[in-house]
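**Q** Once you've had a glance at the structure underneath, I'll fire off some questions.
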Number of protein chains: 2
Amino acid sequence: MSELKGACIVGQSGGPTSVINASVYGVIDTALKNGSITRVLGAEHGIKGVLNDRLFDMSEEDPKELSLLKYTPSSALGSCRYKMADPDVDDTDYRRILEIFKKYDVRYFFYNGGNDSMDTCNKISKYMQKVGYECRVMGVPKTIDNDLYGTDHCPGFASAAKYIATSCMEVYQDARVYDTGMVCIIEIMGRHAGWLAGAAALATAKGAGPDLVYLPEVDFDMDQFLADVERIYKEKGNCMVAVSEGIHYADGSFVSEAKTSATDGFGHAQLGGLAATLADVVKQRTGAKVRGIELSLLQRCGAHLASETDIEESYMSGKAAVENAVAGITDKMVGFERSYEDGKYVCRTRLLNLTDVANTEKKVPLEWINSAHNGVEQPFIDYVLPLIQGEPNLPKEDSLPRFARLKKVLAK
Amino acid sequence: MSELKGACIVGQSGGPTSVINASVYGVIDTALKNGSITRVLGAEHGIKGVLNDRLFDMSEEDPKELSLLKYTPSSALGSCRYKMADPDVDDTDYRRILEIFKKYDVRYFFYNGGNDSMDTCNKISKYMQKVGYECRVMGVPKTIDNDLYGTDHCPGFASAAKYIATSCMEVYQDARVYDTGMVCIIEIMGRHAGWLAGAAALATAKGAGPDLVYLPEVDFDMDQFLADVERIYKEKGNCMVAVSEGIHYADGSFVSEAKTSATDGFGHAQLGGLAATLADVVKQRTGAKVRGIELSLLQRCGAHLASETDIEESYMSGKAAVENAVAGITDKMVGFERSYEDGKYVCRTRLLNLTDVANTEKKVPLEWINSAHNGVEQPFIDYVLPLIQGEPNLPKEDSLPRFARLKKVLAK
């Protein structure tokens, strides 16, 4: 494969995570140092920044500030939820993207996101192939939901999992402090996959977590749920529950659905308010004091509880995307595979076809969910625990986070 | 003052904090080493443990586990919300307490809590004086609300403030990631005092915090609030708001009041759901995407973000209670006074009369609230910032918190 010289664009898309900027820093840092890449451009708000010709020249940034991206949550370049049309139906956006790629001589495109973003990335890759414009396209994974196909796990998941487990351990201490008893219901993100809700069980494994955990991989039964809660509350005087926002009845309708009819840009139902809904139902049934807690955005931006393993792997995925692209690879997403060497967890990158990854969801294996459908089994814990290890040395100023401050100079 | 030999009881009461156990450890650690104190008893669920003769022998605990109390959130001995009767009306409880004190030869009583708990402590102190039973009674302060009279600040406040400021900085990154704009409303604890809601402004002082902060010290005006939010949302495309759960209209009614009529054991209205209520109103007015986030219990048990200054001061307050009592002092609460030596913040203990402290609330000075009533002034920031300094070296196991595990052996 002959050397391909040209500019690169990196963009971020979908819901942010605590470490998505670590991935983008992996791309930027590696690309800035690479001789084949003539220019590193950051797209404002993902693919929208390309369409709107809003591209930042990353060489204008202070390297020290760029390095703080490793510890800065959320998408520093800005994100989007923008659904690309089928190019055979409407190729307007694709022609515009090609125009911008030609304008800046873009030969490398790195897109950092989850399922929907990999769909975008895949469509762009295939379009460029079809029109014969040489551009190496690589997906850089990100999602707290951990639901990307073909990779052992996804950057962002472990830090959210660590936030959830730690917060559950702390709330466990608090929610059982009175002798009057309480039921506490914690609502956790995850529309169709229960990886995050399951992570609450790490707290249980440490002796201070939820008694009951409900995942969206199995149907939710309100009567069984109420019976479970009532039994434990009667036994222990307290009950702590973790629920995925995506739990649904056998007919597929979300338990939270009645609360809101708003949808996001991809047409997904916007969930929320589930903890409050369940708290009401449990209160009516048991008469207990009940508190519903929604971890909300906190769980996906809680960088102060990030896993150092997750940060390093996120950086590694961005770096691998650039290195592989420069070496001639295209049309792939960087994934992870794990092995154990002398009993020690090791993570290496592997490349997956974008076509395979786009829009496929990886769920928690049913055999990792207990037979009562209200908890997870030990293999789930063994899977997650290595991912959350390590405490980052967080940059602070006055004992508060010191996040990256980018200048965001538009490219000429 | 002649030496007084006897047992001590230590109890915890009211809502827990991240560092209330650091105070109790200050009491236990100091008392166990003190020759005048023959026995250290921990009351299960505060004064209820005395009434029910449920007292733990603290000498039975592993000293290493006890030392982990410095980093273990919530009330390890158990807490209560129990309102003591006026002893002139009904002295049943007081006679029972005296009986238990005599049974275990209790000559020292340390009570760790906030306003209501200091009322309990004060009533017991005065009763023992009245009946001529020699027992030195000391209050050890605790409250995230920071509303105890006569002390510069209260143990527990700074750690909650640090949690709030850090979380706001992280949410700020997340809530402005899309180009479609969003209003984010964060609900913070504090029934009558706005110290905690004001702490959100530390994030703003660091360039990444709420645009608007509403405290309960001033009346809330819904029309003005909506006008404020709409103006900023139009200007910036985003708006972040921090509100105290205790905001109220000019007639004194809580903005959240319509949501629930439940009350806690002290007869306070149980607040909650305010963020969701305001989010609904803002959504109707502006049409913007709005997210309400309630920091709920997380803010008071988030020990992983505790201030080392707060931990050390909490321990110091417990230690000072024991040392002063042994030296002959009684009927006081340990408070703090601050000074600056060579520009460096210094905190020392001072003693306050329990009578003065009981049931008096200290609010945010009105001159620290801006004239528009939607933010705080620099003196507020200068007051809080020194208190949140320092990162504790948190004990961890598998990168998750390692909290104290007490045996809780009942005293014979």
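How things are named: the first chain in the structure tokens is A, the next is B, and so on; residues count from 1 in each chain; ligands count from 1 in the order shown.
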Leaving out Arg136 (chain B) and any residue of its chain fewer than 6 positions from it, which residues lie within 12 Å of it when counting only C-alpha atoms, given as a PDB file with N, CA and C atoms, in the first residue's frame?

**A**
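Below you can see selection_33.pdb, which holds the result:
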```pdb
ATOM      1  N   GLU B   3     -11.342  14.915  88.492  1.00  0.00           N
ATOM      2  CA  GLU B   3     -11.513  13.940  87.408  1.00  0.00           C
ATOM      3  C   GLU B   3     -12.850  13.220  87.553  1.00  0.00           C
ATOM      4  N   LEU B   4     -13.503  13.060  86.409  1.00  0.00           N
ATOM      5  CA  LEU B   4     -14.761  12.325  86.397  1.00  0.00           C
ATOM      6  C   LEU B   4     -14.536  11.029  85.638  1.00  0.00           C
ATOM      7  N   LYS B   5     -14.668   9.912  86.327  1.00  0.00           N
ATOM      8  CA  LYS B   5     -14.471   8.618  85.674  1.00  0.00           C
ATOM      9  C   LYS B   5     -15.819   8.008  85.313  1.00  0.00           C
ATOM     10  N   GLY B   6     -15.882   7.367  84.172  1.00  0.00           N
ATOM     11  CA  GLY B   6     -17.116   6.697  83.785  1.00  0.00           C
ATOM     12  C   GLY B   6     -17.130   6.371  82.309  1.00  0.00           C
ATOM     13  N   ALA B   7     -18.222   5.757  81.912  1.00  0.00           N
ATOM     14  CA  ALA B   7     -18.380   5.379  80.501  1.00  0.00           C
ATOM     15  C   ALA B   7     -18.842   6.584  79.688  1.00  0.00           C
ATOM     16  N   CYS B   8     -18.662   6.486  78.393  1.00  0.00           N
ATOM     17  CA  CYS B   8     -19.235   7.495  77.505  1.00  0.00           C
ATOM     18  C   CYS B   8     -20.150   6.818  76.502  1.00  0.00           C
ATOM     19  N   ILE B   9     -21.147   7.576  76.075  1.00  0.00           N
ATOM     20  CA  ILE B   9     -21.992   7.138  74.960  1.00  0.00           C
ATOM     21  C   ILE B   9     -21.819   8.146  73.836  1.00  0.00           C
ATOM     22  N   VAL B  10     -21.686   7.627  72.614  1.00  0.00           N
ATOM     23  CA  VAL B  10     -21.681   8.497  71.443  1.00  0.00           C
ATOM     24  C   VAL B  10     -22.803   8.047  70.512  1.00  0.00           C
ATOM     25  N   ILE B  37     -12.128   7.884  80.737  1.00  0.00           N
ATOM     26  CA  ILE B  37     -13.287   7.224  80.126  1.00  0.00           C
ATOM     27  C   ILE B  37     -13.089   5.710  80.189  1.00  0.00           C
ATOM     28  N   PHE B 101     -28.155   5.544  81.718  1.00  0.00           N
ATOM     29  CA  PHE B 101     -26.888   6.178  82.110  1.00  0.00           C
ATOM     30  C   PHE B 101     -26.393   5.572  83.422  1.00  0.00           C
ATOM     31  N   VAL B 106     -22.703   5.923  82.856  1.00  0.00           N
ATOM     32  CA  VAL B 106     -22.353   6.859  81.786  1.00  0.00           C
ATOM     33  C   VAL B 106     -22.167   8.264  82.372  1.00  0.00           C
ATOM     34  N   ARG B 107     -20.971   8.811  82.168  1.00  0.00           N
ATOM     35  CA  ARG B 107     -20.657  10.155  82.681  1.00  0.00           C
ATOM     36  C   ARG B 107     -20.318  11.132  81.561  1.00  0.00           C
ATOM     37  N   TYR B 108     -20.310  10.598  80.349  1.00  0.00           N
ATOM     38  CA  TYR B 108     -20.015  11.442  79.171  1.00  0.00           C
ATOM     39  C   TYR B 108     -21.006  11.086  78.065  1.00  0.00           C
ATOM     40  N   PHE B 109     -21.596  12.108  77.497  1.00  0.00           N
ATOM     41  CA  PHE B 109     -22.559  11.876  76.402  1.00  0.00           C
ATOM     42  C   PHE B 109     -22.213  12.802  75.229  1.00  0.00           C
ATOM     43  N   PHE B 110     -21.896  12.190  74.101  1.00  0.00           N
ATOM     44  CA  PHE B 110     -21.524  12.953  72.893  1.00  0.00           C
ATOM     45  C   PHE B 110     -22.581  12.720  71.822  1.00  0.00           C
ATOM     46  N   TYR B 111     -23.154  13.804  71.338  1.00  0.00           N
ATOM     47  CA  TYR B 111     -24.228  13.638  70.355  1.00  0.00           C
ATOM     48  C   TYR B 111     -23.882  14.391  69.082  1.00  0.00           C
ATOM     49  N   CYS B 121     -29.782  17.053  72.400  1.00  0.00           N
ATOM     50  CA  CYS B 121     -28.584  17.094  73.254  1.00  0.00           C
ATOM     51  C   CYS B 121     -28.769  18.107  74.382  1.00  0.00           C
ATOM     52  N   ASN B 122     -29.305  19.257  74.027  1.00  0.00           N
ATOM     53  CA  ASN B 122     -29.522  20.330  75.004  1.00  0.00           C
ATOM     54  C   ASN B 122     -30.539  19.919  76.063  1.00  0.00           C
ATOM     55  N   ILE B 124     -31.320  16.899  77.031  1.00  0.00           N
ATOM     56  CA  ILE B 124     -30.741  15.869  77.912  1.00  0.00           C
ATOM     57  C   ILE B 124     -29.769  16.520  78.904  1.00  0.00           C
ATOM     58  N   SER B 125     -28.958  17.444  78.385  1.00  0.00           N
ATOM     59  CA  SER B 125     -27.997  18.133  79.247  1.00  0.00           C
ATOM     60  C   SER B 125     -28.711  18.848  80.393  1.00  0.00           C
ATOM     61  N   LYS B 126     -29.769  19.578  80.062  1.00  0.00           N
ATOM     62  CA  LYS B 126     -30.478  20.356  81.082  1.00  0.00           C
ATOM     63  C   LYS B 126     -31.207  19.441  82.072  1.00  0.00           C
ATOM     64  N   TYR B 127     -31.712  18.328  81.555  1.00  0.00           N
ATOM     65  CA  TYR B 127     -32.414  17.390  82.439  1.00  0.00           C
ATOM     66  C   TYR B 127     -31.452  16.784  83.449  1.00  0.00           C
ATOM     67  N   MET B 128     -30.272  16.387  82.984  1.00  0.00           N
ATOM     68  CA  MET B 128     -29.283  15.771  83.888  1.00  0.00           C
ATOM     69  C   MET B 128     -28.841  16.794  84.955  1.00  0.00           C
ATOM     70  N   GLN B 129     -28.703  18.038  84.543  1.00  0.00           N
ATOM     71  CA  GLN B 129     -28.371  19.088  85.521  1.00  0.00           C
ATOM     72  C   GLN B 129     -29.481  19.213  86.554  1.00  0.00           C
ATOM     73  N   ALA B 321     -14.433  17.471  71.457  1.00  0.00           N
ATOM     74  CA  ALA B 321     -15.568  17.223  72.354  1.00  0.00           C
ATOM     75  C   ALA B 321     -15.124  16.375  73.540  1.00  0.00           C
ATOM     76  N   VAL B 322     -14.373  15.307  73.243  1.00  0.00           N
ATOM     77  CA  VAL B 322     -13.903  14.414  74.314  1.00  0.00           C
ATOM     78  C   VAL B 322     -12.917  15.152  75.220  1.00  0.00           C
ATOM     79  N   GLU B 323     -11.941  15.811  74.640  1.00  0.00           N
ATOM     80  CA  GLU B 323     -10.894  16.474  75.433  1.00  0.00           C
ATOM     81  C   GLU B 323     -11.479  17.545  76.353  1.00  0.00           C
ATOM     82  N   ASN B 324     -12.407  18.316  75.826  1.00  0.00           N
ATOM     83  CA  ASN B 324     -13.025  19.364  76.643  1.00  0.00           C
ATOM     84  C   ASN B 324     -13.884  18.772  77.758  1.00  0.00           C
ATOM     85  N   ALA B 325     -14.622  17.711  77.423  1.00  0.00           N
ATOM     86  CA  ALA B 325     -15.477  17.084  78.440  1.00  0.00           C
ATOM     87  C   ALA B 325     -14.630  16.521  79.582  1.00  0.00           C
ATOM     88  N   VAL B 326     -13.576  15.823  79.203  1.00  0.00           N
ATOM     89  CA  VAL B 326     -12.692  15.251  80.227  1.00  0.00           C
ATOM     90  C   VAL B 326     -12.075  16.368  81.076  1.00  0.00           C
ATOM     91  N   ALA B 327     -11.834  17.518  80.445  1.00  0.00           N
ATOM     92  CA  ALA B 327     -11.251  18.655  81.165  1.00  0.00           C
ATOM     93  C   ALA B 327     -12.279  19.382  82.028  1.00  0.00           C
ATOM     94  N   GLY B 328     -13.531  18.943  82.002  1.00  0.00           N
ATOM     95  CA  GLY B 328     -14.521  19.507  82.914  1.00  0.00           C
ATOM     96  C   GLY B 328     -15.632  20.302  82.255  1.00  0.00           C
ATOM     97  N   ILE B 329     -15.573  20.452  80.946  1.00  0.00           N
ATOM     98  CA  ILE B 329     -16.579  21.252  80.240  1.00  0.00           C
ATOM     99  C   ILE B 329     -17.837  20.412  79.980  1.00  0.00           C
ATOM    100  N   THR B 330     -18.987  21.056  80.055  1.00  0.00           N
ATOM    101  CA  THR B 330     -20.231  20.373  79.696  1.00  0.00           C
ATOM    102  C   THR B 330     -21.219  21.375  79.107  1.00  0.00           C
ATOM    103  N   ASP B 331     -22.294  20.851  78.501  1.00  0.00           N
ATOM    104  CA  ASP B 331     -23.397  21.684  78.014  1.00  0.00           C
ATOM    105  C   ASP B 331     -22.985  22.586  76.848  1.00  0.00           C
ATOM    106  N   LYS B 332     -22.044  22.110  76.036  1.00  0.00           N
ATOM    107  CA  LYS B 332     -21.538  22.913  74.909  1.00  0.00           C
ATOM    108  C   LYS B 332     -21.606  22.115  73.609  1.00  0.00           C
ATOM    109  N   MET B 333     -21.567  22.842  72.501  1.00  0.00           N
ATOM    110  CA  MET B 333     -21.310  22.205  71.209  1.00  0.00           C
ATOM    111  C   MET B 333     -19.961  22.706  70.709  1.00  0.00           C
TER     112      MET B 333
END
```

**Q** Quick one: residues within 10 Å of region 159-164 of chain B, only C-alpha atoms, excluding same-chain residues fewer than 4 positions away - as a VMD selection string?

**A** (chain A and resid 399 to 400) or (chain B and resid 17 to 19 143 to 146 155 168 to 170 186 188 to 189 195 to 203 242 295 298 to 311 384 to 385 387 to 389)

**Q** Can those selected residues be exported to a file as an mmCIF file, in the first residue's frame so that it contains C-alpha atoms?

**A**
```
data_model
loop_
_atom_site.group_PDB
_atom_site.id
_atom_site.type_symbol
_atom_site.label_atom_id
_atom_site.label_comp_id
_atom_site.auth_asym_id
_atom_site.auth_seq_id
_atom_site.Cartn_x
_atom_site.Cartn_y
_atom_site.Cartn_z
ATOM 1 C CA SER A 399 -9.459 20.895 44.434
ATOM 2 C CA LEU A 400 -11.889 21.137 41.522
ATOM 3 C CA THR B 17 -23.092 13.130 55.638
ATOM 4 C CA SER B 18 -19.922 11.931 53.951
ATOM 5 C CA VAL B 19 -17.865 12.716 57.050
ATOM 6 C CA THR B 143 -24.879 18.955 58.728
ATOM 7 C CA ILE B 144 -24.435 19.298 55.006
ATOM 8 C CA ASP B 145 -26.874 22.219 55.308
ATOM 9 C CA ASN B 146 -24.199 24.311 57.113
ATOM 10 C CA PRO B 155 -18.595 19.370 59.290
ATOM 11 C CA CYS B 168 -21.984 20.728 38.153
ATOM 12 C CA MET B 169 -18.675 21.180 36.307
ATOM 13 C CA GLU B 170 -19.055 17.746 34.741
ATOM 14 C CA ILE B 186 -30.078 20.828 39.052
ATOM 15 C CA ILE B 188 -29.763 20.655 45.452
ATOM 16 C CA MET B 189 -30.543 19.951 49.107
ATOM 17 C CA TRP B 195 -25.308 27.130 51.403
ATOM 18 C CA LEU B 196 -25.353 23.990 49.271
ATOM 19 C CA ALA B 197 -27.153 25.483 46.272
ATOM 20 C CA GLY B 198 -24.720 28.391 46.460
ATOM 21 C CA ALA B 199 -21.816 25.940 46.283
ATOM 22 C CA ALA B 200 -22.854 25.214 42.693
ATOM 23 C CA ALA B 201 -21.493 28.681 41.947
ATOM 24 C CA LEU B 202 -17.968 27.390 42.659
ATOM 25 C CA ALA B 203 -18.327 25.607 39.304
ATOM 26 C CA ALA B 242 -29.058 25.357 40.236
ATOM 27 C CA LEU B 295 -28.633 15.276 43.242
ATOM 28 C CA LEU B 298 -25.732 11.256 46.194
ATOM 29 C CA GLN B 299 -24.638 14.703 47.370
ATOM 30 C CA ARG B 300 -24.627 13.800 51.046
ATOM 31 C CA CYS B 301 -22.987 10.368 50.794
ATOM 32 C CA GLY B 302 -20.481 11.038 47.965
ATOM 33 C CA ALA B 303 -17.466 10.289 50.153
ATOM 34 C CA HIS B 304 -15.272 9.646 47.112
ATOM 35 C CA LEU B 305 -15.345 13.422 46.579
ATOM 36 C CA ALA B 306 -14.911 14.360 50.237
ATOM 37 C CA SER B 307 -12.756 17.310 51.174
ATOM 38 C CA GLU B 308 -9.683 16.272 53.146
ATOM 39 C CA THR B 309 -10.034 19.550 55.066
ATOM 40 C CA ASP B 310 -13.578 18.534 56.018
ATOM 41 C CA ILE B 311 -12.483 15.047 57.094
ATOM 42 C CA VAL B 384 -16.463 28.114 50.652
ATOM 43 C CA LEU B 385 -13.309 27.575 48.596
ATOM 44 C CA LEU B 387 -13.219 24.378 52.996
ATOM 45 C CA ILE B 388 -13.249 22.013 49.995
ATOM 46 C CA GLN B 389 -9.470 21.728 49.638
#
```

**Q** What are the residues of chain B that have an atom within 7 Å of an atom of chain A, counting only C-alpha atoms, as a PyMOL selection string?

**A** chain B and resi 16+45+73-75+78-80+166-167+170-171+173-174+177-179+293+296-298+301-302+388-390+398-401

**Q** Determine which residues of region 164-258 of chain B receive a DSSP assignment of alpha helix (DSSP H), computed from the backbone, and state them as JSON, numbers by chain.

**A** {"B": [164, 165, 166, 167, 168, 169, 170, 171, 172, 173, 174, 195, 196, 197, 198, 199, 200, 201, 202, 203, 204, 205, 222, 223, 224, 225, 226, 227, 228, 229, 230, 231, 232, 233, 234, 235, 236]}

**Q** Compile the contact shell of Asp223 (chain A) as a PyMOL selection string: residues with an atom at most 12 Å away, counting only C-alpha atoms, same-chain residues fewer than 2 positions apart removed.

**A** chain A and resi 220-221+225-230+249+278+281-282+285

**Q** Keeping only C-alpha atoms, write those residues as a PDB file, in the first residue's frame.

**A**
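What landed in selection_18.pdb:
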```pdb
ATOM      1  CA  PHE A 220     -40.284  -6.938  33.258  1.00  0.00           C
ATOM      2  CA  ASP A 221     -43.167  -8.227  35.327  1.00  0.00           C
ATOM      3  CA  PHE A 225     -41.132  -6.954  40.938  1.00  0.00           C
ATOM      4  CA  LEU A 226     -43.500  -5.827  43.696  1.00  0.00           C
ATOM      5  CA  ALA A 227     -43.442  -9.281  45.267  1.00  0.00           C
ATOM      6  CA  ASP A 228     -39.610  -9.270  45.194  1.00  0.00           C
ATOM      7  CA  VAL A 229     -39.385  -5.838  46.810  1.00  0.00           C
ATOM      8  CA  GLU A 230     -42.008  -6.617  49.442  1.00  0.00           C
ATOM      9  CA  TYR A 249     -43.164  -5.408  29.596  1.00  0.00           C
ATOM     10  CA  LEU A 278     -41.641   2.742  40.368  1.00  0.00           C
ATOM     11  CA  VAL A 281     -46.025   2.008  42.803  1.00  0.00           C
ATOM     12  CA  VAL A 282     -43.877   0.511  45.580  1.00  0.00           C
ATOM     13  CA  ARG A 285     -48.065  -1.427  47.657  1.00  0.00           C
TER      14      ARG A 285
END
```

**Q** Name the residues of region 140-220 of chain B that fall into strand (DSSP E) according to DSSP on the backbone, using the chain letters and numbers of this document, as a PyMOL selection string.

**A** chain B and resi 140-141+182-188+212-214

**Q** Write a file of the selected residues as a PDB file, in the first residue's frame, keeping C-alpha atoms.

**A**
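part-v1.pdb, freshly written:
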```
ATOM      1  CA  VAL B 140     -20.548  17.347  67.932  1.00  0.00           C
ATOM      2  CA  PRO B 141     -21.775  19.255  64.879  1.00  0.00           C
ATOM      3  CA  MET B 182     -30.656  22.498  26.334  1.00  0.00           C
ATOM      4  CA  VAL B 183     -31.803  23.846  29.658  1.00  0.00           C
ATOM      5  CA  CYS B 184     -30.499  21.847  32.603  1.00  0.00           C
ATOM      6  CA  ILE B 185     -31.958  22.278  36.088  1.00  0.00           C
ATOM      7  CA  ILE B 186     -30.078  20.828  39.052  1.00  0.00           C
ATOM      8  CA  GLU B 187     -31.906  20.402  42.335  1.00  0.00           C
ATOM      9  CA  ILE B 188     -29.763  20.655  45.452  1.00  0.00           C
ATOM     10  CA  LEU B 212     -28.470  30.960  37.528  1.00  0.00           C
ATOM     11  CA  VAL B 213     -28.537  29.961  41.206  1.00  0.00           C
ATOM     12  CA  TYR B 214     -31.643  30.246  43.383  1.00  0.00           C
TER      13      TYR B 214
END
```
